[in-house]
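**Q** Provided herewith: my_file06.cif, mmCIF, C-alpha atoms.
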data_model
loop_
_atom_site.label_atom_id
_atom_site.label_comp_id
_atom_site.auth_asym_id
_atom_site.auth_seq_id
_atom_site.Cartn_x
_atom_site.Cartn_y
_atom_site.Cartn_z
CA MET R 1031 28.73 7.30 -2.37
CA LYS R 1032 29.01 5.40 0.87
CA PRO R 1033 26.80 5.56 3.96
CA ALA R 1034 27.79 7.30 7.16
CA PRO R 1035 29.22 5.01 9.89
CA PHE R 1036 26.67 2.93 11.80
CA GLU R 1037 26.42 -0.04 14.16
CA TYR R 1038 24.88 -3.17 12.64
CA TYR R 1039 22.77 -5.81 14.38
CA ALA R 1040 21.20 -8.92 12.83
CA PRO R 1041 18.77 -10.46 15.33
CA VAL R 1042 17.44 -13.97 14.67
CA SER R 1043 14.12 -13.62 16.53
CA ILE R 1044 11.44 -10.99 16.90
CA GLU R 1045 12.18 -10.86 20.63
CA GLN R 1046 15.80 -9.90 19.95
CA ALA R 1047 14.73 -7.31 17.39
CA LEU R 1048 12.25 -5.74 19.81
CA GLU R 1049 14.86 -5.62 22.58
CA LEU R 1050 17.26 -3.80 20.25
CA MET R 1051 14.55 -1.34 19.20
CA GLY R 1052 13.66 -0.77 22.83
CA GLN R 1053 17.31 -0.10 23.65
CA TYR R 1054 18.13 2.22 20.75
CA SER R 1055 14.65 3.56 19.87
CA GLU R 1056 14.93 6.77 17.82
CA GLU R 1057 18.59 6.12 16.93
CA ALA R 1058 17.72 2.91 15.07
CA LYS R 1059 16.44 2.12 11.61
CA ILE R 1060 14.98 -1.21 10.55
CA LEU R 1061 16.49 -2.86 7.47
CA ALA R 1062 13.93 -5.03 5.66
CA GLY R 1063 14.38 -5.39 1.90
CA GLY R 1064 16.65 -2.34 1.76
CA GLN R 1065 15.34 -1.18 -1.62
CA SER R 1066 14.58 2.31 -0.28
CA LEU R 1067 16.72 2.60 2.83
CA VAL R 1068 20.07 1.51 1.36
CA PRO R 1069 20.06 4.07 -1.49
CA ALA R 1070 19.00 6.76 0.99
CA MET R 1071 21.91 5.80 3.24
CA ASN R 1072 24.35 5.77 0.32
CA PHE R 1073 23.34 9.33 -0.54
CA ARG R 1074 23.35 10.18 3.18
CA VAL R 1075 19.75 11.31 3.07
CA ALA R 1076 19.31 8.82 5.92
CA GLN R 1077 22.10 8.48 8.50
CA PRO R 1078 20.97 6.05 11.20
CA GLY R 1079 23.45 5.37 13.96
CA ILE R 1080 22.02 1.88 14.48
CA LEU R 1081 20.86 -0.53 11.76
CA ILE R 1082 18.72 -3.52 12.80
CA ASP R 1083 18.53 -6.09 10.00
CA LEU R 1084 15.39 -8.28 10.10
CA ASN R 1085 16.40 -10.60 7.27
CA ARG R 1086 17.36 -13.41 9.67
CA VAL R 1087 14.03 -13.23 11.53
CA ALA R 1088 12.39 -16.08 9.63
CA GLU R 1089 9.20 -15.96 11.73
CA LEU R 1090 8.23 -12.67 10.05
CA SER R 1091 8.05 -14.15 6.55
CA TYR R 1092 4.74 -15.92 5.87
CA ILE R 1093 1.41 -15.69 4.04
CA ARG R 1094 -1.47 -17.73 5.46
CA GLU R 1095 -5.26 -17.83 5.53
CA GLU R 1096 -6.98 -17.72 8.89
CA ASN R 1097 -10.77 -17.61 9.15
CA ASN R 1098 -11.81 -14.76 6.83
CA VAL R 1099 -8.47 -12.94 6.64
CA ILE R 1100 -5.02 -13.39 5.16
CA ARG R 1101 -2.13 -12.78 7.53
CA VAL R 1102 1.11 -11.60 5.97
CA GLY R 1103 4.38 -11.32 7.87
CA ALA R 1104 6.06 -7.97 7.43
CA MET R 1105 9.17 -9.61 5.93
CA ALA R 1106 7.24 -11.45 3.19
CA ARG R 1107 8.74 -10.45 -0.16
CA GLU R 1108 6.66 -8.62 -2.71
CA ARG R 1109 7.45 -11.45 -5.14
CA HIS R 1110 5.76 -13.87 -2.73
CA LEU R 1111 2.61 -11.72 -2.79
CA GLU R 1112 2.68 -11.75 -6.57
CA PHE R 1113 2.44 -15.54 -6.89
CA ASP R 1114 0.68 -16.63 -3.70
CA PRO R 1115 -2.58 -18.50 -4.52
CA SER R 1116 -4.36 -17.21 -1.40
CA ILE R 1117 -3.65 -13.62 -2.41
CA GLU R 1118 -4.91 -14.30 -5.93
CA LYS R 1119 -8.13 -15.92 -4.71
CA GLN R 1120 -9.05 -13.84 -1.68
CA THR R 1121 -7.60 -10.38 -2.45
CA PRO R 1122 -7.47 -10.19 -6.27
CA LEU R 1123 -6.93 -6.41 -6.18
CA LEU R 1124 -3.58 -6.96 -4.46
CA HIS R 1125 -2.71 -9.78 -6.86
CA GLU R 1126 -3.42 -7.53 -9.83
CA ALA R 1127 -1.46 -4.57 -8.48
CA VAL R 1128 1.77 -6.13 -7.21
CA PRO R 1129 3.32 -6.57 -10.70
CA PHE R 1130 3.18 -2.78 -11.07
CA ILE R 1131 5.71 -2.42 -8.23
CA ALA R 1132 9.10 -1.51 -9.72
CA HIS R 1133 10.89 -4.44 -11.42
CA PRO R 1134 11.07 -8.18 -10.63
CA GLN R 1135 14.57 -7.73 -9.19
CA ILE R 1136 13.20 -5.15 -6.74
CA ARG R 1137 10.19 -7.31 -5.85
CA ASN R 1138 12.53 -10.24 -5.14
CA ARG R 1139 14.08 -8.27 -2.27
CA GLY R 1140 11.47 -5.68 -1.34
CA THR R 1141 9.14 -6.58 1.55
CA ILE R 1142 5.54 -5.69 2.17
CA GLY R 1143 6.37 -4.26 5.60
CA GLY R 1144 9.29 -2.20 4.35
CA SER R 1145 7.23 -0.53 1.64
CA ILE R 1146 4.33 0.17 3.97
CA VAL R 1147 6.52 1.73 6.66
CA ASN R 1148 8.42 3.80 4.09
CA ALA R 1149 5.05 5.44 3.28
CA ASP R 1150 6.10 6.80 -0.09
CA PRO R 1151 3.12 8.67 -1.63
CA ALA R 1152 4.04 7.19 -5.04
CA ALA R 1153 4.18 3.58 -3.77
CA GLU R 1154 1.49 1.03 -4.54
CA LEU R 1155 1.33 -0.95 -1.29
CA PRO R 1156 0.20 1.90 1.03
CA VAL R 1157 -2.64 2.63 -1.40
CA LEU R 1158 -3.63 -1.04 -1.47
CA MET R 1159 -3.60 -1.29 2.32
CA LEU R 1160 -6.07 1.59 2.50
CA ALA R 1161 -8.25 0.23 -0.30
CA LEU R 1162 -8.38 -3.24 1.27
CA ASN R 1163 -9.12 -2.01 4.82
CA ALA R 1164 -5.99 -3.71 6.13
CA ARG R 1165 -4.99 -3.77 9.78
CA LEU R 1166 -1.34 -3.47 10.78
CA LYS R 1167 0.24 -4.95 13.90
CA ALA R 1168 2.88 -2.88 15.66
CA GLN R 1169 4.99 -4.53 18.36
CA SER R 1170 7.39 -3.18 20.96
CA VAL R 1171 8.95 -4.49 24.16
CA SER R 1172 5.88 -3.22 26.03
CA GLY R 1173 3.30 -5.08 23.92
CA GLU R 1174 1.43 -4.91 20.65
CA ARG R 1175 -1.37 -2.91 19.06
CA TRP R 1176 -3.39 -3.04 15.86
CA ILE R 1177 -3.68 0.04 13.67
CA ASP R 1178 -6.26 0.46 10.91
CA ALA R 1179 -4.69 1.39 7.57
CA GLN R 1180 -6.71 4.61 7.47
CA ASP R 1181 -4.98 5.68 10.69
CA PHE R 1182 -1.52 4.38 9.85
CA PHE R 1183 -0.34 6.80 7.18
CA ALA R 1184 0.33 10.22 8.70
CA GLY R 1185 1.89 12.08 5.76
CA MET R 1186 4.82 11.89 3.39
CA PHE R 1187 7.22 9.15 4.60
CA THR R 1188 5.48 9.28 7.99
CA THR R 1189 3.42 6.66 9.83
CA ALA R 1190 1.70 6.17 13.17
CA LEU R 1191 4.48 3.87 14.41
CA GLU R 1192 5.94 5.10 17.68
CA PRO R 1193 9.63 4.99 18.68
CA GLY R 1194 10.59 1.44 19.54
CA GLU R 1195 7.78 -0.16 17.50
CA ILE R 1196 8.19 -2.59 14.60
CA LEU R 1197 5.53 -3.46 12.03
CA THR R 1198 5.31 -7.25 12.26
CA GLU R 1199 2.09 -8.35 10.52
CA ILE R 1200 -0.52 -7.23 8.01
CA GLU R 1201 -4.10 -8.50 8.21
CA LEU R 1202 -6.07 -8.45 4.96
CA PRO R 1203 -9.81 -9.28 4.99
CA PHE R 1204 -11.15 -11.43 2.18
CA MET R 1205 -12.74 -9.39 -0.57
CA PRO R 1206 -16.53 -9.30 -0.01
CA PRO R 1207 -18.88 -11.24 -2.33
CA HIS R 1208 -20.23 -9.47 -5.45
CA THR R 1209 -17.24 -7.11 -5.41
CA GLY R 1210 -15.25 -6.07 -8.45
CA TRP R 1211 -11.78 -4.57 -8.44
CA SER R 1212 -9.39 -2.63 -10.64
CA PHE R 1213 -5.89 -1.22 -10.32
CA MET R 1214 -4.48 1.12 -12.96
CA GLU R 1215 -1.52 3.47 -13.17
CA VAL R 1216 0.48 5.44 -15.72
CA ALA R 1217 4.28 5.59 -15.51
CA PRO R 1218 6.92 7.04 -17.89
CA ARG R 1219 8.37 3.52 -18.32
CA VAL R 1220 7.52 0.09 -16.95
CA GLY R 1221 8.87 -0.09 -13.41
CA ASP R 1222 9.17 3.69 -12.92
CA TYR R 1223 7.26 5.53 -10.23
CA ALA R 1224 3.74 6.15 -11.47
CA LEU R 1225 2.67 9.64 -12.47
CA MET R 1226 -0.78 8.70 -11.17
CA GLY R 1227 -2.57 5.53 -10.10
CA VAL R 1228 -5.86 4.39 -8.61
CA ALA R 1229 -7.24 1.34 -6.82
CA ALA R 1230 -11.00 0.84 -7.16
CA LEU R 1231 -13.46 -1.54 -5.49
CA VAL R 1232 -17.19 -1.76 -6.23
CA THR R 1233 -19.76 -3.99 -4.48
CA LEU R 1234 -23.17 -4.54 -6.12
CA ASN R 1235 -26.44 -5.88 -4.73
CA GLU R 1236 -28.77 -8.31 -6.49
CA ASN R 1237 -30.36 -5.41 -8.38
CA GLY R 1238 -27.03 -4.23 -9.75
CA LYS R 1239 -26.88 -1.12 -7.57
CA CYS R 1240 -23.70 -0.10 -5.78
CA THR R 1241 -23.72 -0.78 -2.05
CA ARG R 1242 -20.08 0.12 -1.42
CA ALA R 1243 -17.26 1.73 -3.36
CA LYS R 1244 -13.64 2.59 -2.69
CA LEU R 1245 -11.24 4.85 -4.62
CA VAL R 1246 -7.68 5.35 -3.40
CA TYR R 1247 -4.99 7.22 -5.37
CA LEU R 1248 -1.20 7.11 -5.42
CA ASN R 1249 1.11 10.05 -6.15
CA ALA R 1250 -1.90 12.31 -5.63
CA GLY R 1251 -0.89 14.01 -2.37
CA ASP R 1252 1.33 13.52 0.67
CA GLY R 1253 0.11 9.95 1.14
CA PRO R 1254 -2.49 7.53 -0.19
CA MET R 1255 -5.51 9.68 -1.04
CA ASP R 1256 -8.89 8.15 -0.18
CA ALA R 1257 -11.69 9.74 -2.23
CA LYS R 1258 -14.34 9.12 0.40
CA GLU R 1259 -16.90 11.67 -0.78
CA THR R 1260 -16.83 10.36 -4.32
CA ALA R 1261 -17.19 6.78 -3.09
CA ARG R 1262 -20.18 7.70 -0.92
CA SER R 1263 -21.86 9.42 -3.87
CA LEU R 1264 -21.90 6.10 -5.76
CA GLU R 1265 -23.72 4.14 -3.04
CA GLY R 1266 -27.29 3.25 -3.91
CA GLU R 1267 -26.74 4.10 -7.58
CA THR R 1268 -26.50 2.16 -10.81
CA LEU R 1269 -22.98 2.80 -12.08
CA GLU R 1270 -23.55 3.83 -15.67
CA ASP R 1271 -21.26 5.98 -17.82
CA PRO R 1272 -22.65 9.47 -16.97
CA LEU R 1273 -22.40 8.84 -13.22
CA ILE R 1274 -18.93 7.32 -13.55
CA GLN R 1275 -17.75 10.32 -15.57
CA SER R 1276 -19.18 12.73 -13.01
CA ALA R 1277 -17.55 10.83 -10.15
CA ALA R 1278 -14.20 10.78 -11.93
CA ALA R 1279 -14.38 14.54 -12.52
CA PHE R 1280 -15.18 15.24 -8.86
CA ALA R 1281 -12.51 12.93 -7.44
CA SER R 1282 -9.78 14.24 -9.74
CA GLY R 1283 -10.77 17.86 -9.26
CA LYS R 1284 -11.67 18.02 -5.56
CA GLU R 1285 -10.38 15.04 -3.59
CA ILE R 1286 -6.73 14.72 -4.58
CA ASN R 1287 -3.84 17.15 -4.25
CA PRO R 1288 -1.07 16.19 -6.71
CA PHE R 1289 2.20 18.11 -6.40
CA GLY R 1290 3.65 17.53 -9.85
CA ASN R 1291 7.31 16.65 -10.38
CA VAL R 1292 10.05 16.77 -13.01
CA HIS R 1293 8.01 14.44 -15.24
CA THR R 1294 4.57 16.01 -14.99
CA SER R 1295 2.46 18.93 -13.83
CA PRO R 1296 -0.35 18.79 -11.25
CA GLU R 1297 -2.81 19.60 -14.02
CA PHE R 1298 -1.73 16.59 -16.07
CA GLN R 1299 -1.86 14.39 -12.97
CA ARG R 1300 -5.48 15.45 -12.43
CA HIS R 1301 -6.22 14.63 -16.07
CA LEU R 1302 -4.67 11.18 -15.64
CA ALA R 1303 -6.65 10.66 -12.43
CA LYS R 1304 -9.89 11.46 -14.23
CA VAL R 1305 -9.21 9.07 -17.10
CA LEU R 1306 -7.94 6.28 -14.84
CA THR R 1307 -10.93 6.64 -12.50
CA GLN R 1308 -13.37 6.27 -15.37
CA LYS R 1309 -11.61 3.15 -16.63
CA ALA R 1310 -11.11 1.63 -13.16
CA LEU R 1311 -14.70 2.16 -12.03
CA THR R 1312 -16.00 0.71 -15.30
CA GLN R 1313 -13.79 -2.36 -14.99
CA ALA R 1314 -14.57 -2.87 -11.29
CA THR R 1315 -18.31 -2.59 -11.98
CA GLN R 1316 -18.13 -5.12 -14.82
CA ARG R 1317 -16.19 -7.55 -12.65
CA ALA R 1318 -18.66 -7.14 -9.78
CA GLY R 1319 -21.48 -8.02 -12.17
CA GLU R 1320 -19.64 -11.10 -13.36
CA ARG R 1321 -19.21 -12.30 -9.76
CA GLN R 1322 -22.94 -12.18 -8.94
#
Just dump the structure as structure tokens.
**A**
Amino acid sequence: MKPAPFEYYAPVSIEQALELMGQYSEEAKILAGGQSLVPAMNFRVAQPGILIDLNRVAELSYIREENNVIRVGAMARERHLEFDPSIEKQTPLLHEAVPFIAHPQIRNRGTIGGSIVNADPAAELPVLMLALNARLKAQSVSGERWIDAQDFFAGMFTTALEPGEILTEIELPFMPPHTGWSFMEVAPRVGDYALMGVAALVTLNENGKCTRAKLVYLNAGDGPMDAKETARSLEGETLEDPLIQSAAAFASGKEINPFGNVHTSPEFQRHLAKVLTQKALTQATQRAGERQ
């Protein structure tokens, strides 16, 4: 199929892009990597009247360390995240998870900003933004604002971006000391959307007790699902098998809301979440111990 007719603009600076968004606002769609938008347009699920292509805005493609954070331009390709040494050193959870995103051909074109704004509940990057406590910079002709990841995702394919705003930068704090990580998912085939997935972070003190934990799930509801109650229950505890099993049972039974799909039932998704949580918490705890 072919997309519905549209007007096409290819700005070469962020200022030009913001002016176009300010002019056309709700009529316009941003084209980043195009790995989600172009198929949706071809099937006419999306029919924007105006298409603003950011691929010539070179200033939005970068990955750099600054103080205790990594700044990533919204047009940085997922493949760049996969092999960047700063990402590997300072945010190893992201480094570990990026290869799970689709296929290399998709990661060559897909952008971090495009995936985040698409807000697909089955996508890895929204989950990772929440797990890593990222901040997201939205710009418009009237200025800029920073949005915490926990406030950015508003539901299925919905974000806190307002009409006329463009996501331009992602700020990722360095992973804290004595913190272990794990990312796991199960998919029908390599590169397919995951049936279930989880990102886990565990921070230990000098006595080996958990001081902070994070569990965020993909394809477990209408957006990235943050199991906050389960994470809080681990604080102050020694993460041994019985506690990990209990936490996994609670998170998978009470804190996620999987819908099921043609490949799986909600019941099986909960089972996968329980098994993955046990494995991810165990691995994250072991890694945290090794980093002490």
**Q** Given the file shown, enumerate the residues that the PyMOL selection byres ((chain R and resi 1124) around 10) captures and present them as a VMD selection string.
**A** chain R and resid 1111 to 1112 1117 to 1118 1120 to 1123 1125 to 1129 1154 to 1155 1158 to 1159 1161 to 1162 1202 1211 to 1213 1229
**Q** Those same residues, written as a PDB file, keeping the file's coordinate frame with C-alpha atoms?
**A**
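This is the output file again36.pdb:
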ATOM      1  CA  LEU R1111       2.610 -11.720  -2.790  1.00  0.00           C
ATOM      2  CA  GLU R1112       2.680 -11.750  -6.570  1.00  0.00           C
ATOM      3  CA  ILE R1117      -3.650 -13.620  -2.410  1.00  0.00           C
ATOM      4  CA  GLU R1118      -4.910 -14.300  -5.930  1.00  0.00           C
ATOM      5  CA  GLN R1120      -9.050 -13.840  -1.680  1.00  0.00           C
ATOM      6  CA  THR R1121      -7.600 -10.380  -2.450  1.00  0.00           C
ATOM      7  CA  PRO R1122      -7.470 -10.190  -6.270  1.00  0.00           C
ATOM      8  CA  LEU R1123      -6.930  -6.410  -6.180  1.00  0.00           C
ATOM      9  CA  HIS R1125      -2.710  -9.780  -6.860  1.00  0.00           C
ATOM     10  CA  GLU R1126      -3.420  -7.530  -9.830  1.00  0.00           C
ATOM     11  CA  ALA R1127      -1.460  -4.570  -8.480  1.00  0.00           C
ATOM     12  CA  VAL R1128       1.770  -6.130  -7.210  1.00  0.00           C
ATOM     13  CA  PRO R1129       3.320  -6.570 -10.700  1.00  0.00           C
ATOM     14  CA  GLU R1154       1.490   1.030  -4.540  1.00  0.00           C
ATOM     15  CA  LEU R1155       1.330  -0.950  -1.290  1.00  0.00           C
ATOM     16  CA  LEU R1158      -3.630  -1.040  -1.470  1.00  0.00           C
ATOM     17  CA  MET R1159      -3.600  -1.290   2.320  1.00  0.00           C
ATOM     18  CA  ALA R1161      -8.250   0.230  -0.300  1.00  0.00           C
ATOM     19  CA  LEU R1162      -8.380  -3.240   1.270  1.00  0.00           C
ATOM     20  CA  LEU R1202      -6.070  -8.450   4.960  1.00  0.00           C
ATOM     21  CA  TRP R1211     -11.780  -4.570  -8.440  1.00  0.00           C
ATOM     22  CA  SER R1212      -9.390  -2.630 -10.640  1.00  0.00           C
ATOM     23  CA  PHE R1213      -5.890  -1.220 -10.320  1.00  0.00           C
ATOM     24  CA  ALA R1229      -7.240   1.340  -6.820  1.00  0.00           C
TER      25      ALA R1229
END
**Q** Go through R:Ala1257, R:Ala1179, R:Ala1088, R:Leu1269 and flag the residue nearest R:Ala1318, using only C-alpha atoms for the distances.
**A**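 Looking at the shortest contact to R:Ala1318, the residue is R:Leu1269.
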**Q** Rounded to one decimal, what separation in Å do you get between atom CA of R:Val1087 and atom CA of R:Pro1193?
**A**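 Here the two named atoms are 20.1 Å from each other.
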**Q** Selected by the PyMOL selection byres ((chain R and resi 1060-1063) around 6) in the shown coordinates: which residues, as number ranges by chain?
**A** R: 1059, 1064-1065, 1082-1084, 1139-1141, 1144
**Q** List every protein, DNA or RNA residue with an atom no more than 12 Å from (4.5, -6.9, 18.7) in the file's coordinates, counting all atoms listed in the file, and format the result as a compact mmCIF listing (two decimals) with C-alpha atoms, keeping the file's coordinate frame.
**A**
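See point.txt below for the written result:
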# COMPACT_ATOMS: atom_id res chain seq x y z
CA SER R 1043 14.12 -13.62 16.53
CA ILE R 1044 11.44 -10.99 16.90
CA GLU R 1045 12.18 -10.86 20.63
CA GLN R 1046 15.80 -9.90 19.95
CA ALA R 1047 14.73 -7.31 17.39
CA LEU R 1048 12.25 -5.74 19.81
CA GLU R 1049 14.86 -5.62 22.58
CA MET R 1051 14.55 -1.34 19.20
CA GLY R 1052 13.66 -0.77 22.83
CA LEU R 1090 8.23 -12.67 10.05
CA GLY R 1103 4.38 -11.32 7.87
CA ALA R 1104 6.06 -7.97 7.43
CA LEU R 1166 -1.34 -3.47 10.78
CA LYS R 1167 0.24 -4.95 13.90
CA ALA R 1168 2.88 -2.88 15.66
CA GLN R 1169 4.99 -4.53 18.36
CA SER R 1170 7.39 -3.18 20.96
CA VAL R 1171 8.95 -4.49 24.16
CA SER R 1172 5.88 -3.22 26.03
CA GLY R 1173 3.30 -5.08 23.92
CA GLU R 1174 1.43 -4.91 20.65
CA ARG R 1175 -1.37 -2.91 19.06
CA TRP R 1176 -3.39 -3.04 15.86
CA ILE R 1177 -3.68 0.04 13.67
CA LEU R 1191 4.48 3.87 14.41
CA GLY R 1194 10.59 1.44 19.54
CA GLU R 1195 7.78 -0.16 17.50
CA ILE R 1196 8.19 -2.59 14.60
CA LEU R 1197 5.53 -3.46 12.03
CA THR R 1198 5.31 -7.25 12.26
CA GLU R 1199 2.09 -8.35 10.52
CA ILE R 1200 -0.52 -7.23 8.01
**Q** What separation in Å, quoted to one decimal, exists between atom CA of R:Arg1137 and atom CA of R:Asp1150?
**A**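 Value for the atom CA of R:Arg1137-atom CA of R:Asp1150 distance: 15.8 Å.
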